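Pasting upload-v3.cif here (mmCIF, C-alpha atoms):
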data_start
loop_
_atom_site.label_atom_id
_atom_site.label_comp_id
_atom_site.auth_asym_id
_atom_site.auth_seq_id
_atom_site.Cartn_x
_atom_site.Cartn_y
_atom_site.Cartn_z
CA MET K 486 0.00 0.00 0.00
CA SER K 487 1.40 3.40 -0.95
CA LYS K 488 1.74 6.28 1.47
CA LEU K 489 -1.01 8.11 -0.45
CA ASP K 490 -3.33 5.11 -0.11
CA GLU K 491 -2.64 5.01 3.63
CA ILE K 492 -3.43 8.72 3.99
CA ILE K 493 -6.66 8.38 2.02
CA GLU K 494 -7.63 5.39 4.16
CA TRP K 495 -7.01 7.34 7.38
CA TYR K 496 -8.66 10.56 6.15
CA PRO K 497 -11.32 9.47 3.61
CA ASP K 498 -13.45 12.61 3.91
CA GLU K 499 -10.63 15.14 3.49
CA ASP K 500 -10.16 17.21 0.35
CA LEU K 501 -6.42 16.77 -0.20
CA MET K 502 -4.31 18.41 -2.90
CA ILE K 503 -2.06 15.91 -4.65
CA ALA K 504 0.81 16.85 -6.98
CA ASP K 505 0.38 14.89 -10.22
CA GLY K 506 2.99 12.23 -10.84
CA LEU K 507 4.75 12.63 -7.50
CA ASP K 508 2.90 10.07 -5.36
CA ASN K 509 6.14 8.19 -4.62
CA ALA K 510 7.57 11.34 -3.01
CA ILE K 511 4.82 11.55 -0.36
CA VAL K 512 6.22 11.08 3.13
CA GLY K 513 3.23 12.03 5.25
CA ILE K 514 0.53 14.51 6.13
CA ASP K 515 0.18 17.48 8.45
CA PRO K 516 -2.79 16.22 10.50
CA TYR K 517 -3.70 19.70 11.75
CA LYS K 518 -3.81 21.52 8.41
CA MET K 519 -4.49 18.39 6.33
CA LEU K 520 -1.65 19.11 3.90
CA ILE K 521 0.25 16.40 2.05
CA ILE K 522 4.00 16.42 2.76
CA TYR K 523 6.42 15.62 -0.05
CA SER K 524 10.12 14.83 0.19
CA VAL K 525 12.11 17.27 -1.96
CA GLU K 526 14.85 14.68 -2.35
CA LYS K 527 12.37 12.11 -3.68
CA VAL K 528 10.76 14.67 -6.00
CA LEU K 529 14.15 15.47 -7.49
CA GLU K 530 14.89 11.74 -7.92
CA ILE K 531 11.61 11.35 -9.80
CA LEU K 532 12.39 14.29 -12.08
CA VAL K 533 15.85 12.94 -12.85
CA GLU K 534 14.71 9.37 -13.49
CA ARG K 535 11.29 9.82 -15.06
CA ASP K 536 11.86 13.05 -16.97
CA GLU K 537 15.55 12.43 -17.71
CA MET K 538 16.63 15.78 -16.26
CA THR K 539 20.08 16.47 -14.96
CA PRO K 540 20.21 17.12 -11.20
CA ASP K 541 20.64 20.86 -11.87
CA GLN K 542 17.69 20.90 -14.25
CA ALA K 543 15.56 19.04 -11.71
CA ILE K 544 16.40 21.54 -8.97
CA GLU K 545 15.61 24.51 -11.21
CA PHE K 546 12.36 22.90 -12.41
CA PHE K 547 11.33 22.03 -8.86
CA GLU K 548 12.07 25.48 -7.45
CA PHE K 549 10.31 27.39 -10.23
CA ASN K 550 7.43 25.12 -11.27
CA ILE K 551 6.61 23.09 -8.19
CA ALA K 552 7.72 24.70 -4.93
CA GLY K 553 7.22 28.18 -6.36
CA SER K 554 3.56 27.53 -7.12
CA TYR K 555 0.97 28.53 -4.56
CA VAL K 556 -2.31 26.85 -5.41
CA GLY K 557 -4.39 27.88 -2.44
CA PRO K 558 -4.67 26.91 1.20
CA LYS K 559 -4.26 23.21 0.43
CA THR K 560 -0.85 23.71 -1.25
CA PRO K 561 1.33 20.76 -0.22
CA ILE K 562 4.31 21.03 2.11
CA TRP K 563 7.74 20.48 0.54
CA LEU K 564 10.03 18.88 3.13
CA ASP K 565 13.63 19.94 2.51
CA ASP K 566 15.30 16.65 3.38
CA LEU K 567 18.25 17.01 1.02
CA THR K 568 21.49 15.57 2.27
#

Could the structure of this file be written out as structure tokens, please?
Amino acid sequence: MSKLDEIIEWYPDEDLMIADGLDNAIVGIDPYKMLIIYSVEKVLEILVERDEMTPDQAIEFFEFNIAGSYVGPKTPIWLDDLT
């Protein structure tokens, strides 16, 4: 069962905002604000592997197109877990 499936099972009535194509980067949920939490490291890995970006391209794409987008009060949380 994926992390997203677990979250939906625990919170079936919540209106959650999900970033398309990044389900494998979900690491949890903020149970107070009901916001999905994504791992930045995992997002970058997905962009490099799936979209064949270089690491620098993935960072630039993430910062501008993903993390830089505010889509309302349900905008996901981007956990900066880079090592």

- Message: Just want the 12 Å neighbourhood of Lys518 of chain K, counted on only C-alpha atoms, with same-chain residues fewer than 2 positions away dropped. Output as a PyMOL selection string.
- Response: chain K and resi 499-502+514-516+520-522+558-562

- Task: Record the distance separating atom CA of Ala543 of chain K and atom CA of Lys527 of chain K, expressed in Å with one decimal.
- Result: 11.1 Å

- So which residues get picked by the PyMOL selection byres ((chain K and resi 547) around 12) here, written as a ChimeraX atom specification? /K:504,507,523-533,538,540-546,548-554,563,565

- Message: Please compute the atom CA of Arg535 of chain K-atom CA of Ser487 of chain K distance, one decimal, in Å.
- Response: 18.4 Å

- Please indicate the distance in Å from atom CA of Asp508 of chain K to atom CA of Glu534 of chain K, rounded to one decimal place. 14.4 Å

- Query: K:Ile503, K:Ala510, K:Leu489, K:Met519: which is nearest Leu564 of chain K, counting all atoms listed in the file?
  - Reply: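 Ranking K:Ile503, K:Ala510, K:Leu489, K:Met519 by distance to Leu564 of chain K, first place goes to K:Ala510.
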
- Query: Which residue gives the smallest distance to Asn509 of chain K among K:Glu537, K:Asp490, K:Asp566, K:Tyr555, with only C-alpha atoms counted?
  - Reply: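 The answer is K:Asp490, which sits nearest to Asn509 of chain K.
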